[in-house]
Amino acid sequence: MRTLIVFNHPYEGSYCNAILQSTMTGLRKAKHEVDLIYLDKEDFNPVMTRDDLKAFVMREPVDPKVIAYKKRLEQADQIIFIFPIWWELMPALTKGFIDKVIFPGVAYDYKENGLGMKPLLNKLQKVTMITTMNTPGLAYRLLFGNAIKKALLLGTFWKMGYKKREWISLNMVKMASDKDRQKWLHKIECKFAKQ
C-alpha cells in the first residue's frame, strides 16, 4: 500500500513532528510505501493566484508544485494529513494545499447534471487527519463548531465522495504529561503498524 503524508509544521522539535515519526514508523512496520510532502520544507506557495484561479476554471493546474503533487496523489492508496490547529483552523500551508491541490480535474470533478461531485483519485481508499491543539475537545466541538471536521472531513472529502475518513484529534497537548504524550505516540505507531 502506498501512503502519502501531507505534513505541515514549521518547527522540527514540535509534537507534530514526533507524531510524523511515529506514523511513518508504524506504516513502515506494516510494509507501506511512504511518500512525504513536508510543506514547510518544499517552498510550496499556498496563495491562490490569478493564474491558479484561471486553472481552476479550466480544471488543469499550472503551478509546477501542484502538478508534481497531482502525480503523487494519483499513486496514493491513502492520504494522512498531520498539522496543528491554530486559532481553531489549519495553518496556511495546509489550507493552501487544499485550495490549490485538492482541485477540480485533480481530486474531483463535477457530476454531469451539475449536482454534486465525483472523486477522481481512483486508488484512494482512505483519508486520515491527525491534529494537535491546546483547546479541550468538548469546547472545540461545542464552542467552535468542530471547524476542522466541517471544513476537511465533511466540506472537502465527504463532499467529493471519498467514503473512508478519520480524524485523530489530540487535545490539550501543551497541558499533557510526557507520559500521556508518549502513550499517544505509541498508540499512533501501533495503529498504523496494523494497517
# chains A, B, ... in the order shown; residues from 1 in each chain; ligands from 1
$ select_by_dssp --residues "region 5-44 of chain A" --states "helix (DSSP H, G or I)" --output "VMD selection string"
chain A and resid 15 to 29 39 to 41
$ residues_around --residues "Lys123 (chain A)" --least-positions-apart "5" --cutoff "9 Å" --atoms "only C-alpha atoms" --output "ChimeraX atom specification"
/A:74-78
$ select_by_dssp --residues "region 89-160 of chain A" --states "strand (DSSP E)" --output "list in words"
Tyr108, Asp109, Tyr110, Met117, Lys118, Pro119, Lys126, Val127, Thr128, Met129, Ile130, Thr131 and Thr132 of chain A
$ write_last_selection --atoms "N, CA and C atoms" --output "PDB file, in the first residue's frame"
ATOM      1  N   TYR A 108     -11.244  15.718  -7.886  1.00  0.00           N
ATOM      2  CA  TYR A 108     -12.684  15.548  -8.116  1.00  0.00           C
ATOM      3  C   TYR A 108     -13.075  16.239  -9.412  1.00  0.00           C
ATOM      4  N   ASP A 109     -14.281  15.936  -9.824  1.00  0.00           N
ATOM      5  CA  ASP A 109     -14.911  16.689 -10.907  1.00  0.00           C
ATOM      6  C   ASP A 109     -16.381  16.827 -10.548  1.00  0.00           C
ATOM      7  N   TYR A 110     -17.072  17.659 -11.286  1.00  0.00           N
ATOM      8  CA  TYR A 110     -18.490  17.857 -11.030  1.00  0.00           C
ATOM      9  C   TYR A 110     -19.288  16.822 -11.816  1.00  0.00           C
ATOM     10  N   MET A 117     -20.446  16.219  -6.664  1.00  0.00           N
ATOM     11  CA  MET A 117     -19.093  15.961  -7.149  1.00  0.00           C
ATOM     12  C   MET A 117     -18.843  14.471  -7.217  1.00  0.00           C
ATOM     13  N   LYS A 118     -17.822  14.110  -7.988  1.00  0.00           N
ATOM     14  CA  LYS A 118     -17.396  12.710  -8.049  1.00  0.00           C
ATOM     15  C   LYS A 118     -15.884  12.671  -7.856  1.00  0.00           C
ATOM     16  N   PRO A 119     -15.382  11.672  -7.110  1.00  0.00           N
ATOM     17  CA  PRO A 119     -13.942  11.579  -6.861  1.00  0.00           C
ATOM     18  C   PRO A 119     -13.192  11.138  -8.110  1.00  0.00           C
ATOM     19  N   LYS A 126      -8.643   5.889   1.631  1.00  0.00           N
ATOM     20  CA  LYS A 126      -8.906   6.483   2.952  1.00  0.00           C
ATOM     21  C   LYS A 126      -8.162   7.801   3.107  1.00  0.00           C
ATOM     22  N   VAL A 127      -8.795   8.725   3.845  1.00  0.00           N
ATOM     23  CA  VAL A 127      -8.177   9.994   4.211  1.00  0.00           C
ATOM     24  C   VAL A 127      -8.211  10.097   5.743  1.00  0.00           C
ATOM     25  N   THR A 128      -7.047  10.344   6.329  1.00  0.00           N
ATOM     26  CA  THR A 128      -6.938  10.485   7.785  1.00  0.00           C
ATOM     27  C   THR A 128      -6.309  11.836   8.101  1.00  0.00           C
ATOM     28  N   MET A 129      -6.814  12.476   9.131  1.00  0.00           N
ATOM     29  CA  MET A 129      -6.215  13.701   9.657  1.00  0.00           C
ATOM     30  C   MET A 129      -5.764  13.441  11.084  1.00  0.00           C
ATOM     31  N   ILE A 130      -4.538  13.862  11.390  1.00  0.00           N
ATOM     32  CA  ILE A 130      -4.043  13.824  12.764  1.00  0.00           C
ATOM     33  C   ILE A 130      -3.706  15.262  13.132  1.00  0.00           C
ATOM     34  N   THR A 131      -4.368  15.771  14.157  1.00  0.00           N
ATOM     35  CA  THR A 131      -4.174  17.165  14.544  1.00  0.00           C
ATOM     36  C   THR A 131      -3.827  17.279  16.020  1.00  0.00           C
ATOM     37  N   THR A 132      -3.152  18.386  16.341  1.00  0.00           N
ATOM     38  CA  THR A 132      -2.894  18.730  17.739  1.00  0.00           C
ATOM     39  C   THR A 132      -3.501  20.093  18.014  1.00  0.00           C
TER      40      THR A 132
END
$ closest_residue --among "A:Ser177, A:Ser22, A:Asn45, A:Asn146" --to "Leu89 (chain A)" --atoms "only C-alpha atoms"
A:Asn146
$ residues_around --residues "Val106 (chain A)" --least-positions-apart "6" --cutoff "10 Å" --atoms "only C-alpha atoms" --output "PyMOL selection string"
chain A and resi 56+59-61+66-67+69-71+73-74+100+119-121
$ closest_residue --among "A:Met133, A:Leu93, A:Ile5, A:Val101" --to "Asp63 (chain A)" --atoms "only C-alpha atoms"
A:Val101
$ residues_around --residues "Glu189 (chain A)" --least-positions-apart "2" --cutoff "7 Å" --atoms "only C-alpha atoms" --output "MDAnalysis selection string"
chainID A and resid 22:23 25:26 185:187 191:193
$ write_last_selection --atoms "C-alpha atoms" --output "compact mmCIF listing (two decimals), in the first residue's frame"
# COMPACT_ATOMS: atom_id res chain seq x y z
CA SER A 22 5.53 7.58 14.92
CA THR A 23 3.18 7.48 11.93
CA THR A 25 7.47 4.05 11.83
CA GLY A 26 4.09 2.32 12.09
CA LEU A 185 2.71 8.35 20.06
CA HIS A 186 2.80 4.63 20.84
CA LYS A 187 -0.91 4.30 20.06
CA LYS A 191 -2.48 1.85 14.75
CA PHE A 192 -0.57 2.30 11.51
CA ALA A 193 1.54 -0.81 12.06
$ closest_residue --among "A:Asn171, A:Arg181, A:Pro10, A:Val57" --to "Gly105 (chain A)" --atoms "only C-alpha atoms"
A:Val57
$ closest_residue --among "A:Tyr38, A:Glu88, A:Asn113, A:Asn8" --to "Ala139 (chain A)" --atoms "only C-alpha atoms"
A:Glu88
$ atom_distance --atom1 "CA of Lys183 (chain A)" --atom2 "CA of Pro91 (chain A)"
25.5 Å
$ closest_residue --among "A:Lys54, A:Lys95, A:Arg28, A:Arg141" --to "Thr156 (chain A)" --atoms "only C-alpha atoms"
A:Lys95
$ closest_residue --among "A:Phe103, A:Trp167, A:Phe83, A:Phe97" --to "Asn17 (chain A)" --atoms "only C-alpha atoms"
A:Phe83
$ atom_distance --atom1 "CA of His9 (chain A)" --atom2 "CA of Lys179 (chain A)"
22.5 Å
$ atom_distance --atom1 "CA of Gln125 (chain A)" --atom2 "CA of Gly137 (chain A)"
27.1 Å
$ decode --residues "region 46-66 of chain A" --atoms "N, CA and C atoms" --output "compact mmCIF listing (two decimals), in the first residue's frame"
# COMPACT_ATOMS: atom_id res chain seq x y z
N PRO A 46 1.21 28.76 -0.83
CA PRO A 46 -0.19 28.44 -0.56
C PRO A 46 -1.19 29.44 -1.16
N VAL A 47 -0.69 30.53 -1.74
CA VAL A 47 -1.57 31.59 -2.22
C VAL A 47 -2.19 31.20 -3.56
N MET A 48 -3.50 31.31 -3.65
CA MET A 48 -4.21 31.07 -4.90
C MET A 48 -4.07 32.33 -5.76
N THR A 49 -3.29 32.23 -6.83
CA THR A 49 -3.02 33.38 -7.69
C THR A 49 -4.10 33.50 -8.78
N ARG A 50 -4.02 34.56 -9.55
CA ARG A 50 -4.92 34.74 -10.69
C ARG A 50 -4.78 33.57 -11.66
N ASP A 51 -3.53 33.15 -11.92
CA ASP A 51 -3.31 32.02 -12.83
C ASP A 51 -3.89 30.72 -12.26
N ASP A 52 -3.77 30.55 -10.94
CA ASP A 52 -4.35 29.35 -10.31
C ASP A 52 -5.87 29.35 -10.44
N LEU A 53 -6.49 30.52 -10.28
CA LEU A 53 -7.95 30.59 -10.41
C LEU A 53 -8.40 30.31 -11.84
N LYS A 54 -7.64 30.81 -12.79
CA LYS A 54 -7.95 30.51 -14.19
C LYS A 54 -7.81 29.00 -14.44
N ALA A 55 -6.76 28.41 -13.86
CA ALA A 55 -6.54 26.96 -13.98
C ALA A 55 -7.68 26.18 -13.32
N PHE A 56 -8.20 26.71 -12.22
CA PHE A 56 -9.33 26.07 -11.52
C PHE A 56 -10.52 25.95 -12.48
N VAL A 57 -10.80 27.01 -13.20
CA VAL A 57 -11.91 27.01 -14.16
C VAL A 57 -11.64 26.03 -15.30
N MET A 58 -10.38 25.96 -15.75
CA MET A 58 -10.02 25.08 -16.87
C MET A 58 -9.77 23.64 -16.42
N ARG A 59 -9.75 23.42 -15.08
CA ARG A 59 -9.51 22.10 -14.49
C ARG A 59 -8.14 21.52 -14.84
N GLU A 60 -7.16 22.41 -14.94
CA GLU A 60 -5.80 21.99 -15.28
C GLU A 60 -4.80 22.87 -14.53
N PRO A 61 -4.18 22.35 -13.44
CA PRO A 61 -3.27 23.17 -12.65
C PRO A 61 -2.08 23.67 -13.48
N VAL A 62 -1.57 24.85 -13.08
CA VAL A 62 -0.42 25.44 -13.76
C VAL A 62 0.81 25.54 -12.86
N ASP A 63 0.62 25.56 -11.55
CA ASP A 63 1.73 25.64 -10.60
C ASP A 63 2.54 24.33 -10.70
N PRO A 64 3.86 24.41 -10.99
CA PRO A 64 4.67 23.18 -11.13
C PRO A 64 4.63 22.28 -9.90
N LYS A 65 4.59 22.87 -8.71
CA LYS A 65 4.49 22.07 -7.48
C LYS A 65 3.19 21.29 -7.45
N VAL A 66 2.09 21.97 -7.81
CA VAL A 66 0.78 21.32 -7.81
C VAL A 66 0.75 20.18 -8.82
